[in-house]
>>> print(open('target11.cif').read())   # mmCIF, C-alpha atoms
data_final
loop_
_atom_site.group_PDB
_atom_site.id
_atom_site.type_symbol
_atom_site.label_atom_id
_atom_site.label_comp_id
_atom_site.auth_asym_id
_atom_site.auth_seq_id
_atom_site.Cartn_x
_atom_site.Cartn_y
_atom_site.Cartn_z
ATOM 1 C CA MET A 1 35.523 56.403 147.033
ATOM 2 C CA SER A 2 33.825 53.023 146.827
ATOM 3 C CA PRO A 3 30.447 52.814 145.050
ATOM 4 C CA GLN A 4 28.863 51.250 148.106
ATOM 5 C CA ASP A 5 29.443 51.433 151.839
ATOM 6 C CA GLY A 6 31.539 48.597 153.193
ATOM 7 C CA ALA A 7 33.201 47.672 149.877
ATOM 8 C CA PRO A 8 36.996 47.261 150.119
ATOM 9 C CA GLU A 9 39.067 50.134 148.794
ATOM 10 C CA PHE A 10 41.633 47.773 147.278
ATOM 11 C CA LEU A 11 41.773 44.061 146.473
ATOM 12 C CA SER A 12 44.630 41.713 147.389
ATOM 13 C CA PHE A 13 47.138 40.091 145.053
ATOM 14 C CA HIS A 14 46.418 36.425 144.448
ATOM 15 C CA GLU A 15 48.921 33.847 145.659
ATOM 16 C CA ASP A 16 50.631 33.322 142.283
ATOM 17 C CA GLU A 17 51.162 37.071 141.866
ATOM 18 C CA ARG A 18 52.761 37.115 145.320
ATOM 19 C CA ALA A 19 54.920 34.127 144.334
ATOM 20 C CA ALA A 20 56.076 35.958 141.197
ATOM 21 C CA GLN A 21 56.934 39.015 143.279
ATOM 22 C CA ARG A 22 59.082 36.861 145.554
ATOM 23 C CA LEU A 23 60.831 35.189 142.606
ATOM 24 C CA ALA A 24 61.592 38.646 141.239
ATOM 25 C CA GLY A 25 63.094 39.662 144.582
ATOM 26 C CA GLN A 26 60.252 42.030 145.464
ATOM 27 C CA SER A 27 58.353 42.358 148.695
ATOM 28 C CA PRO A 28 54.618 41.958 148.096
ATOM 29 C CA GLY A 29 53.010 45.337 148.545
ATOM 30 C CA ARG A 30 49.491 46.670 148.412
ATOM 31 C CA ALA A 31 47.621 45.990 145.208
ATOM 32 C CA ALA A 32 46.189 49.250 143.889
ATOM 33 C CA ILE A 33 43.371 47.229 142.327
ATOM 34 C CA ARG A 34 39.845 48.375 143.036
ATOM 35 C CA PRO A 35 36.588 46.369 142.824
ATOM 36 C CA PHE A 36 35.066 49.276 140.877
ATOM 37 C CA MET A 37 36.135 51.890 138.322
ATOM 38 C CA PRO A 38 37.026 55.387 139.543
ATOM 39 C CA ASP A 39 35.273 58.120 137.594
ATOM 40 C CA GLN A 40 38.460 59.011 135.705
ATOM 41 C CA HIS A 41 38.716 55.422 134.422
ATOM 42 C CA ARG A 42 35.081 55.435 133.358
ATOM 43 C CA THR A 43 35.642 58.658 131.415
ATOM 44 C CA PHE A 44 38.869 57.295 129.936
ATOM 45 C CA PHE A 45 37.260 54.126 128.549
ATOM 46 C CA ALA A 46 34.339 56.113 127.136
ATOM 47 C CA GLY A 47 36.713 58.226 125.055
ATOM 48 C CA LEU A 48 38.480 55.336 123.310
ATOM 49 C CA PRO A 49 37.729 54.178 119.734
ATOM 50 C CA TYR A 50 39.138 50.686 120.494
ATOM 51 C CA ILE A 51 39.779 48.306 123.377
ATOM 52 C CA PHE A 52 41.892 45.163 123.681
ATOM 53 C CA ALA A 53 40.315 42.130 125.334
ATOM 54 C CA ALA A 54 41.189 38.675 126.634
ATOM 55 C CA ALA A 55 38.711 35.810 126.391
ATOM 56 C CA LEU A 56 38.859 32.028 126.693
ATOM 57 C CA ASP A 57 38.582 29.981 123.524
ATOM 58 C CA GLU A 58 36.655 26.719 123.175
ATOM 59 C CA ARG A 59 39.551 24.826 124.804
ATOM 60 C CA GLY A 60 39.836 27.189 127.781
ATOM 61 C CA TRP A 61 42.987 28.886 126.461
ATOM 62 C CA PRO A 62 43.427 32.662 126.754
ATOM 63 C CA ILE A 63 43.099 34.500 123.449
ATOM 64 C CA GLY A 64 43.530 38.211 122.752
ATOM 65 C CA THR A 65 41.488 40.325 120.374
ATOM 66 C CA ALA A 66 40.696 43.961 119.540
ATOM 67 C CA LEU A 67 37.285 45.622 119.462
ATOM 68 C CA SER A 68 36.605 49.014 117.893
ATOM 69 C CA GLY A 69 33.777 51.393 117.072
ATOM 70 C CA ASP A 70 32.690 54.967 116.670
ATOM 71 C CA ALA A 71 33.353 57.466 119.432
ATOM 72 C CA GLY A 72 31.205 56.538 122.422
ATOM 73 C CA PHE A 73 30.975 52.826 121.598
ATOM 74 C CA ILE A 74 32.229 52.185 125.152
ATOM 75 C CA ARG A 75 30.292 53.645 128.041
ATOM 76 C CA SER A 76 30.027 53.147 131.788
ATOM 77 C CA PRO A 77 26.535 53.619 133.236
ATOM 78 C CA ASP A 78 27.825 52.978 136.757
ATOM 79 C CA PRO A 79 31.178 52.280 138.485
ATOM 80 C CA THR A 80 30.972 48.503 138.060
ATOM 81 C CA THR A 81 29.605 48.305 134.508
ATOM 82 C CA LEU A 82 31.217 48.700 131.101
ATOM 83 C CA ARG A 83 29.125 48.470 127.956
ATOM 84 C CA ILE A 84 30.998 47.814 124.684
ATOM 85 C CA ASP A 85 28.899 48.188 121.546
ATOM 86 C CA ALA A 86 31.029 45.880 119.414
ATOM 87 C CA LEU A 87 31.753 42.212 118.854
ATOM 88 C CA PRO A 88 34.648 40.454 117.144
ATOM 89 C CA SER A 89 34.064 38.845 113.785
ATOM 90 C CA ALA A 90 32.332 35.470 113.771
ATOM 91 C CA GLY A 91 35.563 33.732 112.764
ATOM 92 C CA ASP A 92 37.676 35.392 115.462
ATOM 93 C CA PRO A 93 38.997 32.659 117.801
ATOM 94 C CA ALA A 94 37.933 34.849 120.741
ATOM 95 C CA SER A 95 34.266 34.840 119.688
ATOM 96 C CA PRO A 96 33.250 31.467 121.220
ATOM 97 C CA GLY A 97 34.415 32.635 124.640
ATOM 98 C CA LEU A 98 32.442 35.862 124.675
ATOM 99 C CA VAL A 99 29.222 34.467 126.131
ATOM 100 C CA GLU A 100 27.083 35.389 129.116
ATOM 101 C CA GLY A 101 28.728 34.323 132.366
ATOM 102 C CA ALA A 102 32.240 34.149 130.886
ATOM 103 C CA GLU A 103 35.227 36.024 132.240
ATOM 104 C CA ILE A 104 36.839 38.846 130.262
ATOM 105 C CA GLY A 105 40.000 40.901 130.680
ATOM 106 C CA MET A 106 40.368 44.342 129.086
ATOM 107 C CA ILE A 107 42.979 47.022 128.624
ATOM 108 C CA GLY A 108 42.303 50.475 127.303
ATOM 109 C CA LEU A 109 45.371 52.241 125.929
ATOM 110 C CA ASP A 110 45.383 55.738 124.483
ATOM 111 C CA PHE A 111 48.361 55.720 122.153
ATOM 112 C CA THR A 112 48.208 59.503 121.765
ATOM 113 C CA ASN A 113 49.148 60.196 125.393
ATOM 114 C CA ARG A 114 50.387 56.867 126.830
ATOM 115 C CA ARG A 115 47.503 56.477 129.280
ATOM 116 C CA ARG A 116 46.344 52.943 130.014
ATOM 117 C CA ASN A 117 43.864 51.372 132.391
ATOM 118 C CA ARG A 118 42.782 47.791 132.903
ATOM 119 C CA ALA A 119 39.486 46.242 133.918
ATOM 120 C CA ASN A 120 38.582 42.596 134.429
ATOM 121 C CA GLY A 121 35.199 41.089 135.052
ATOM 122 C CA THR A 122 32.304 38.912 133.926
ATOM 123 C CA LEU A 123 30.019 39.172 130.909
ATOM 124 C CA VAL A 124 26.476 39.666 132.145
ATOM 125 C CA ALA A 125 24.923 40.215 128.704
ATOM 126 C CA VAL A 126 25.992 39.454 125.128
ATOM 127 C CA ASP A 127 23.785 40.702 122.299
ATOM 128 C CA ASP A 128 25.005 43.087 119.627
ATOM 129 C CA GLY A 129 27.705 44.055 122.115
ATOM 130 C CA LEU A 130 29.100 43.162 125.514
ATOM 131 C CA THR A 131 28.001 44.210 128.993
ATOM 132 C CA VAL A 132 30.688 43.630 131.609
ATOM 133 C CA GLN A 133 30.284 43.478 135.370
ATOM 134 C CA VAL A 134 33.655 44.864 136.445
ATOM 135 C CA GLY A 135 35.344 43.138 139.377
ATOM 136 C CA GLN A 136 38.862 44.568 139.109
ATOM 137 C CA SER A 137 40.015 47.996 137.928
ATOM 138 C CA PHE A 138 43.496 49.450 137.990
ATOM 139 C CA GLY A 139 45.759 51.873 136.212
ATOM 140 C CA ASN A 140 49.163 51.174 134.703
ATOM 141 C CA CYS A 141 52.149 53.449 134.232
ATOM 142 C CA ALA A 142 53.064 54.964 130.859
ATOM 143 C CA GLN A 143 56.282 52.995 130.400
ATOM 144 C CA TYR A 144 57.244 51.411 127.029
ATOM 145 C CA ILE A 145 54.259 52.912 125.176
ATOM 146 C CA GLN A 146 55.077 54.430 121.794
ATOM 147 C CA THR A 147 52.792 57.306 120.812
ATOM 148 C CA ARG A 148 50.660 57.000 117.696
ATOM 149 C CA THR A 149 47.703 58.955 116.383
ATOM 150 C CA PRO A 150 44.844 56.983 114.774
ATOM 151 C CA SER A 151 42.626 58.026 111.896
ATOM 152 C CA PRO A 152 39.547 55.845 111.337
ATOM 153 C CA ARG A 153 39.212 53.992 108.045
ATOM 154 C CA PRO A 154 36.670 51.413 106.878
ATOM 155 C CA PRO A 155 37.545 47.848 107.908
ATOM 156 C CA ALA A 156 38.406 45.598 104.996
ATOM 157 C CA SER A 157 38.887 42.253 106.675
ATOM 158 C CA SER A 158 38.916 39.247 104.370
ATOM 159 C CA GLY A 159 38.179 36.795 107.172
ATOM 160 C CA VAL A 160 40.307 34.835 109.596
ATOM 161 C CA GLU A 161 43.194 32.697 108.350
ATOM 162 C CA GLU A 162 44.453 29.934 110.639
ATOM 163 C CA LEU A 163 48.185 29.387 110.190
ATOM 164 C CA SER A 164 49.783 25.968 110.424
ATOM 165 C CA ARG A 165 53.057 27.697 111.314
ATOM 166 C CA LEU A 166 54.496 31.182 111.575
ATOM 167 C CA ASP A 167 55.133 32.187 107.978
ATOM 168 C CA GLU A 168 57.419 34.889 106.618
ATOM 169 C CA THR A 169 54.773 37.589 107.019
ATOM 170 C CA ALA A 170 54.139 36.631 110.652
ATOM 171 C CA HIS A 171 57.878 36.574 111.376
ATOM 172 C CA ALA A 172 58.275 40.029 109.869
ATOM 173 C CA LEU A 173 55.441 41.460 111.952
ATOM 174 C CA ILE A 174 56.741 39.957 115.208
ATOM 175 C CA SER A 175 60.386 40.854 114.627
ATOM 176 C CA GLY A 176 59.502 44.445 113.694
ATOM 177 C CA ALA A 177 57.001 45.047 116.480
ATOM 178 C CA ASP A 178 57.451 47.670 119.189
ATOM 179 C CA THR A 179 54.119 46.766 120.826
ATOM 180 C CA PHE A 180 52.040 43.690 121.577
ATOM 181 C CA PHE A 181 49.408 42.497 124.043
ATOM 182 C CA VAL A 182 49.272 39.349 126.159
ATOM 183 C CA ALA A 183 46.205 37.510 127.470
ATOM 184 C CA SER A 184 46.662 35.300 130.527
ATOM 185 C CA ARG A 185 44.472 33.566 133.090
ATOM 186 C CA SER A 186 44.916 32.614 136.720
ATOM 187 C CA ARG A 187 44.694 28.980 137.694
ATOM 188 C CA ALA A 188 41.666 27.652 139.505
ATOM 189 C CA GLY A 189 41.779 28.033 143.242
ATOM 190 C CA VAL A 190 43.624 31.333 143.647
ATOM 191 C CA GLY A 191 40.521 33.074 144.941
ATOM 192 C CA SER A 192 38.675 36.269 144.141
ATOM 193 C CA GLY A 193 41.786 38.065 142.896
ATOM 194 C CA GLY A 194 42.055 35.746 139.902
ATOM 195 C CA GLY A 195 40.520 35.774 136.452
ATOM 196 C CA LEU A 196 41.466 36.793 132.933
ATOM 197 C CA ASP A 197 43.893 39.588 132.250
ATOM 198 C CA MET A 198 45.003 41.579 129.188
ATOM 199 C CA SER A 199 48.258 43.501 129.378
ATOM 200 C CA HIS A 200 50.601 45.505 127.153
ATOM 201 C CA ARG A 201 54.278 45.038 126.356
ATOM 202 C CA GLY A 202 56.511 47.455 124.471
ATOM 203 C CA GLY A 203 60.138 47.900 123.430
ATOM 204 C CA ARG A 204 62.382 48.797 120.544
ATOM 205 C CA PRO A 205 61.532 47.205 117.187
ATOM 206 C CA GLY A 206 63.020 43.730 117.356
ATOM 207 C CA PHE A 207 62.698 43.366 121.135
ATOM 208 C CA VAL A 208 60.681 40.172 120.604
ATOM 209 C CA GLY A 209 63.010 37.486 119.333
ATOM 210 C CA VAL A 210 61.495 34.948 116.956
ATOM 211 C CA ALA A 211 63.111 31.740 115.701
ATOM 212 C CA GLY A 212 60.746 29.315 114.029
ATOM 213 C CA GLU A 213 57.855 28.944 116.487
ATOM 214 C CA LEU A 214 59.806 30.152 119.536
ATOM 215 C CA LEU A 215 59.388 33.693 120.825
ATOM 216 C CA THR A 216 61.822 35.171 123.370
ATOM 217 C CA ILE A 217 60.535 38.230 125.204
ATOM 218 C CA PRO A 218 62.436 40.471 127.631
ATOM 219 C CA ASP A 219 60.526 41.525 130.714
ATOM 220 C CA PHE A 220 61.432 45.100 131.566
ATOM 221 C CA ARG A 221 60.963 46.857 134.887
ATOM 222 C CA GLY A 222 57.272 47.677 135.312
ATOM 223 C CA ASN A 223 54.675 48.388 137.967
ATOM 224 C CA ARG A 224 55.799 45.515 140.224
ATOM 225 C CA PHE A 225 52.328 43.951 140.264
ATOM 226 C CA TYR A 226 53.384 40.858 138.264
ATOM 227 C CA ASN A 227 49.812 40.196 137.192
ATOM 228 C CA THR A 228 50.807 38.511 133.920
ATOM 229 C CA LEU A 229 53.809 36.583 135.235
ATOM 230 C CA GLY A 230 51.838 35.524 138.299
ATOM 231 C CA ASN A 231 49.106 34.138 136.074
ATOM 232 C CA LEU A 232 51.678 32.362 133.903
ATOM 233 C CA LEU A 233 53.247 30.731 136.953
ATOM 234 C CA GLY A 234 49.946 29.019 137.687
ATOM 235 C CA ASP A 235 48.799 28.460 134.100
ATOM 236 C CA PRO A 236 51.525 28.774 131.423
ATOM 237 C CA ARG A 237 49.052 29.115 128.548
ATOM 238 C CA ALA A 238 49.096 32.563 126.952
ATOM 239 C CA GLY A 239 47.531 34.414 124.042
ATOM 240 C CA LEU A 240 49.529 37.117 122.252
ATOM 241 C CA LEU A 241 48.119 39.814 119.973
ATOM 242 C CA PHE A 242 50.330 41.662 117.480
ATOM 243 C CA ILE A 243 49.097 44.564 115.364
ATOM 244 C CA ASP A 244 50.482 45.678 112.032
ATOM 245 C CA PHE A 245 49.914 49.414 112.412
ATOM 246 C CA GLY A 246 50.529 49.914 108.698
ATOM 247 C CA SER A 247 48.085 47.385 107.258
ATOM 248 C CA GLY A 248 45.696 46.876 110.173
ATOM 249 C CA ASP A 249 46.450 43.145 110.240
ATOM 250 C CA LEU A 250 45.940 41.315 113.543
ATOM 251 C CA LEU A 251 48.076 38.303 114.455
ATOM 252 C CA GLN A 252 46.715 36.157 117.301
ATOM 253 C CA LEU A 253 48.997 33.546 118.848
ATOM 254 C CA GLN A 254 48.658 30.902 121.543
ATOM 255 C CA GLY A 255 51.383 28.919 123.262
ATOM 256 C CA ARG A 256 52.938 27.808 126.523
ATOM 257 C CA VAL A 257 55.321 30.040 128.428
ATOM 258 C CA SER A 258 58.414 29.375 130.495
ATOM 259 C CA ILE A 259 60.004 32.128 132.588
ATOM 260 C CA ASP A 260 63.743 32.611 133.158
ATOM 261 C CA TRP A 261 63.975 34.660 136.346
ATOM 262 C CA ALA A 262 67.751 35.218 136.204
ATOM 263 C CA PRO A 263 68.815 35.122 132.546
ATOM 264 C CA ALA A 264 72.421 35.511 131.474
ATOM 265 C CA GLY A 265 73.066 38.011 128.698
ATOM 266 C CA ALA A 266 69.624 39.628 128.754
ATOM 267 C CA PRO A 267 69.179 42.918 126.869
ATOM 268 C CA ALA A 268 69.799 46.140 128.773
ATOM 269 C CA GLY A 269 66.751 46.962 130.864
ATOM 270 C CA ALA A 270 65.446 43.385 130.983
ATOM 271 C CA GLU A 271 65.062 41.817 134.416
ATOM 272 C CA ARG A 272 63.738 38.488 133.172
ATOM 273 C CA LEU A 273 63.064 36.635 129.928
ATOM 274 C CA TRP A 274 60.039 34.610 129.050
ATOM 275 C CA ARG A 275 59.721 32.263 126.119
ATOM 276 C CA MET A 276 56.647 31.053 124.317
ATOM 277 C CA THR A 277 56.416 28.199 121.862
ATOM 278 C CA VAL A 278 53.618 29.040 119.436
ATOM 279 C CA GLU A 279 51.083 26.221 119.084
ATOM 280 C CA ARG A 280 48.267 27.990 117.210
ATOM 281 C CA ALA A 281 48.124 31.170 115.146
ATOM 282 C CA TRP A 282 45.526 33.206 113.250
ATOM 283 C CA ARG A 283 45.767 36.250 110.994
ATOM 284 C CA GLN A 284 43.024 38.778 110.252
ATOM 285 C CA ARG A 285 44.030 41.072 107.425
ATOM 286 C CA SER A 286 43.054 44.775 107.586
ATOM 287 C CA ALA A 287 40.804 44.065 110.583
ATOM 288 C CA PHE A 288 41.919 46.947 112.802
ATOM 289 C CA PRO A 289 40.199 49.936 111.135
ATOM 290 C CA PHE A 290 42.697 52.747 111.667
ATOM 291 C CA THR A 291 45.528 54.454 109.840
ATOM 292 C CA TRP A 292 48.285 55.405 112.269
ATOM 293 C CA THR A 293 50.788 58.249 112.395
ATOM 294 C CA PHE A 294 53.806 57.365 114.518
ATOM 295 C CA GLY A 295 54.855 59.857 117.191
ATOM 296 C CA THR A 296 57.718 59.057 119.559
ATOM 297 C CA TYR A 297 59.231 56.181 121.464
ATOM 298 C CA ALA A 298 58.754 56.246 125.212
ATOM 299 C CA PRO A 299 61.865 57.357 127.141
ATOM 300 C CA THR A 300 61.786 54.013 128.951
ATOM 301 C CA THR A 301 61.798 52.225 125.589
ATOM 302 C CA LEU A 302 64.887 54.162 124.475
ATOM 303 C CA ALA A 303 66.677 53.135 127.666
ATOM 304 C CA THR A 304 66.437 49.454 126.666
ATOM 305 C CA ALA A 305 68.299 47.399 124.108
ATOM 306 C CA ILE A 306 67.235 44.697 121.667
ATOM 307 C CA ARG A 307 70.083 42.359 122.551
ATOM 308 C CA ALA A 308 72.726 42.440 125.253
ATOM 309 C CA VAL A 309 75.305 43.903 122.839
ATOM 310 C CA ASP A 310 72.869 45.954 120.782
ATOM 311 C CA ARG A 311 72.393 49.570 121.875
ATOM 312 C CA MET A 312 71.449 51.048 118.497
ATOM 313 C CA ASP A 313 69.555 54.309 118.553
ATOM 314 C CA VAL A 314 66.045 54.242 117.172
ATOM 315 C CA GLU A 315 65.496 57.064 114.724
#
>>> encode(input="target11.cif", output="structure tokens")
Amino acid sequence: MSPQDGAPEFLSFHEDERAAQRLAGQSPGRAAIRPFMPDQHRTFFAGLPYIFAAALDERGWPIGTALSGDAGFIRSPDPTTLRIDALPSAGDPASPGLVEGAEIGMIGLDFTNRRRNRANGTLVAVDDGLTVQVGQSFGNCAQYIQTRTPSPRPPASSGVEELSRLDETAHALISGADTFFVASRSRAGVGSGGGLDMSHRGGRPGFVGVAGELLTIPDFRGNRFYNTLGNLLGDPRAGLLFIDFGSGDLLQLQGRVSIDWAPAGAPAGAERLWRMTVERAWRQRSAFPFTWTFGTYAPTTLATAIRAVDRMDVE
């Protein structure tokens, strides 16, 4: 039920999302995106010890980051408000964009049970935390999410290191990842359905190909919304966030994306490929304050391959 009489039950896809749906051979359907948070989403966010967010940096590029806190650091006083009692570090490249009036995209993901919900909106207050006026709220399916159980530990970040190139440590993190997050933005002029977005991608370790500064990413069958790819059609700038679940390191990347809608030789399960040439990169060591116990790969993850001829089982 809507929080106020006369409010629309669901919002429409913006024109670039509809264009992406057509390029993917899909018929645009109804967007199950609400202009408010259902009570179950409000309760879900309030139970998380972390949240992943998209902001705009000083150049207007999307950048992804992670915020964390004690239980209850996120709360929802009403269906269109999220309060997050945390800020990124001063050196985080997302910090300059987290100001009053700025857009923000957020995804909450509970790694213990594969639940995830997204919310996008505008920052209406920034003090010792963030107050968000939510304009879009929607759930995502549990596909490609590997389960993990977090245990809090004290953060031990040594600051933010800007990388002139992807070094050996960055390559190892990317090539071994089974999870990452992508920040994207809609282009100007797409209407009220646009804004910043933060989404999740998952696969077998090694599903993200990395060669020098070029990343190659399979796009597996998902919820058919095409929020991220629609944004990237209109504005190819993206921000990727990789997490080292062992060390707590965060790797933040920015680059321009091209999408191959009908790739030859794509891995099993991939319907498209997108490629990003990394232009800027930052590393924050031990910044994500959790120790993780790995659980299981998602069944949808195990149905995919790393390369077209690679169907190795993941132990």
>>> closest_atom_pairs(input="target11.cif", of="segment 117-204 of chain A", to="segment 228-250 of chain A", cutoff="10 Å", atoms="all atoms listed in the file", output="Markdown table")
| residue | atom | partner | partner_atom | distance |
| --- | --- | --- | --- | --- |
| A:Arg148 | CA | A:Phe245 | CA | 9.3 |
| A:Pro150 | CA | A:Phe245 | CA | 9.4 |
| A:Arg153 | CA | A:Gly248 | CA | 9.9 |
| A:Pro155 | CA | A:Gly248 | CA | 8.5 |
| A:Ala156 | CA | A:Gly248 | CA | 9.0 |
| A:Ser157 | CA | A:Asp249 | CA | 8.4 |
| A:Val160 | CA | A:Leu250 | CA | 9.4 |
| A:Ala170 | CA | A:Phe242 | CA | 9.3 |
| A:Ala172 | CA | A:Asp244 | CA | 9.9 |
| A:Leu173 | CA | A:Asp244 | CA | 6.5 |
| A:Ile174 | CA | A:Phe242 | CA | 7.0 |
| A:Gly176 | CA | A:Asp244 | CA | 9.3 |
| A:Ala177 | CA | A:Phe242 | CA | 7.5 |
| A:Asp178 | CA | A:Phe242 | CA | 9.5 |
| A:Thr179 | CA | A:Phe242 | CA | 7.2 |
| A:Phe180 | CA | A:Phe242 | CA | 4.9 |
| A:Phe181 | CA | A:Leu241 | CA | 5.0 |
| A:Val182 | CA | A:Leu240 | CA | 4.5 |
| A:Ala183 | CA | A:Gly239 | CA | 4.8 |
| A:Ser184 | CA | A:Ala238 | CA | 5.1 |
| A:Arg185 | CA | A:Asn231 | CA | 5.5 |
| A:Ser186 | CA | A:Asn231 | CA | 4.5 |
| A:Arg187 | CA | A:Gly234 | CA | 5.3 |
| A:Ala188 | CA | A:Gly234 | CA | 8.6 |
| A:Gly189 | CA | A:Gly234 | CA | 9.9 |
| A:Val190 | CA | A:Gly234 | CA | 9.0 |
| A:Gly194 | CA | A:Asn231 | CA | 8.2 |
| A:Gly195 | CA | A:Asn231 | CA | 8.7 |
| A:Leu196 | CA | A:Asn231 | CA | 8.7 |
| A:Asp197 | CA | A:Thr228 | CA | 7.2 |
| A:Met198 | CA | A:Thr228 | CA | 8.1 |
| A:Ser199 | CA | A:Thr228 | CA | 7.2 |
| A:His200 | CA | A:Leu241 | CA | 9.5 |
>>> write_last_selection(input="target11.cif", atoms="C-alpha atoms", output="compact mmCIF listing (two decimals), keeping the file's coordinate frame")
# COMPACT_ATOMS: atom_id res chain seq x y z
CA ARG A 148 50.66 57.00 117.70
CA PRO A 150 44.84 56.98 114.77
CA ARG A 153 39.21 53.99 108.04
CA PRO A 155 37.54 47.85 107.91
CA ALA A 156 38.41 45.60 105.00
CA SER A 157 38.89 42.25 106.68
CA VAL A 160 40.31 34.84 109.60
CA ALA A 170 54.14 36.63 110.65
CA ALA A 172 58.28 40.03 109.87
CA LEU A 173 55.44 41.46 111.95
CA ILE A 174 56.74 39.96 115.21
CA GLY A 176 59.50 44.44 113.69
CA ALA A 177 57.00 45.05 116.48
CA ASP A 178 57.45 47.67 119.19
CA THR A 179 54.12 46.77 120.83
CA PHE A 180 52.04 43.69 121.58
CA PHE A 181 49.41 42.50 124.04
CA VAL A 182 49.27 39.35 126.16
CA ALA A 183 46.20 37.51 127.47
CA SER A 184 46.66 35.30 130.53
CA ARG A 185 44.47 33.57 133.09
CA SER A 186 44.92 32.61 136.72
CA ARG A 187 44.69 28.98 137.69
CA ALA A 188 41.67 27.65 139.50
CA GLY A 189 41.78 28.03 143.24
CA VAL A 190 43.62 31.33 143.65
CA GLY A 194 42.06 35.75 139.90
CA GLY A 195 40.52 35.77 136.45
CA LEU A 196 41.47 36.79 132.93
CA ASP A 197 43.89 39.59 132.25
CA MET A 198 45.00 41.58 129.19
CA SER A 199 48.26 43.50 129.38
CA HIS A 200 50.60 45.50 127.15
>>> closest_residue(input="target11.cif", among="A:Asn227, A:Ser95, A:Gln40, A:Gln21", to="Asn120 of chain A", atoms="all atoms listed in the file")
A:Asn227
>>> resolve_selection(input="target11.cif", expression="the PyMOL selection byres ((chain A and resi 42) around 10)", output="list in words")
Phe36, Met37, Pro38, Asp39, Gln40, His41, Thr43, Phe44, Phe45, Ala46, Gly47, Ile74, Arg75, Ser76, Pro77, Asp78, Pro79, Thr80, Thr81, Leu82 and Asn117 of chain A
>>> residues_around(input="target11.cif", residues="Thr112 of chain A", least_positions_apart="3", cutoff="10 Å", atoms="only C-alpha atoms", output="PyMOL selection string")
chain A and resi 109+115+145-150+293-296
>>> axis_aligned_box(input="target11.cif", around="segment 255-270 of chain A", padding_each_side="5 Å", output="JSON")
{"center_x": 62.2, "center_y": 37.4, "center_z": 129.8, "size_x": 31.7, "size_y": 29.2, "size_z": 23.1}
>>> closest_residue(input="target11.cif", among="A:Val132, A:Val124, A:Leu273, A:Leu56", to="Ile84 of chain A", atoms="all atoms listed in the file")
A:Val132
>>> atom_distance(input="target11.cif", atom1="atom CA of Gly135 of chain A", atom2="atom CA of Gly202 of chain A")
26.2 Å
>>> closest_residue(input="target11.cif", among="A:Ala264, A:Val278, A:Leu163, A:Ala32", to="Val210 of chain A", atoms="only C-alpha atoms")
A:Val278
>>> resolve_selection(input="target11.cif", expression="the PyMOL selection byres ((chain A and resi 303) around 10)", output="MDAnalysis selection string")
chainID A and resid 144 203:204 268:269 298:302 304:305 311 313
>>> closest_residue(input="target11.cif", among="A:Asn140, A:Ser175, A:Gln284, A:Gln252", to="Ala119 of chain A", atoms="all atoms listed in the file")
A:Asn140
>>> closest_residue(input="target11.cif", among="A:Gly108, A:Pro154, A:Gly101, A:Pro289", to="Ala55 of chain A", atoms="all atoms listed in the file")
A:Gly101
>>> closest_residue(input="target11.cif", among="A:Gln26, A:Ser89, A:Ser258, A:Thr291", to="Ser158 of chain A", atoms="all atoms listed in the file")
A:Ser89
>>> resolve_selection(input="target11.cif", expression="the PyMOL selection byres ((chain A and resi 262) around 10)", output="list of chain:residue names")
A:Leu23, A:Ala24, A:Ile259, A:Asp260, A:Trp261, A:Pro263, A:Ala264, A:Gly265, A:Ala266, A:Ala270, A:Glu271, A:Arg272, A:Leu273
>>> atom_distance(input="target11.cif", atom1="atom CA of Pro88 of chain A", atom2="atom CA of Thr169 of chain A")
22.7 Å
>>> residues_around(input="target11.cif", residues="Glu58 of chain A", least_positions_apart="4", cutoff="10 Å", atoms="all atoms listed in the file", output="JSON, numbers by chain")
{"A": [62, 93, 94, 95, 96, 97]}
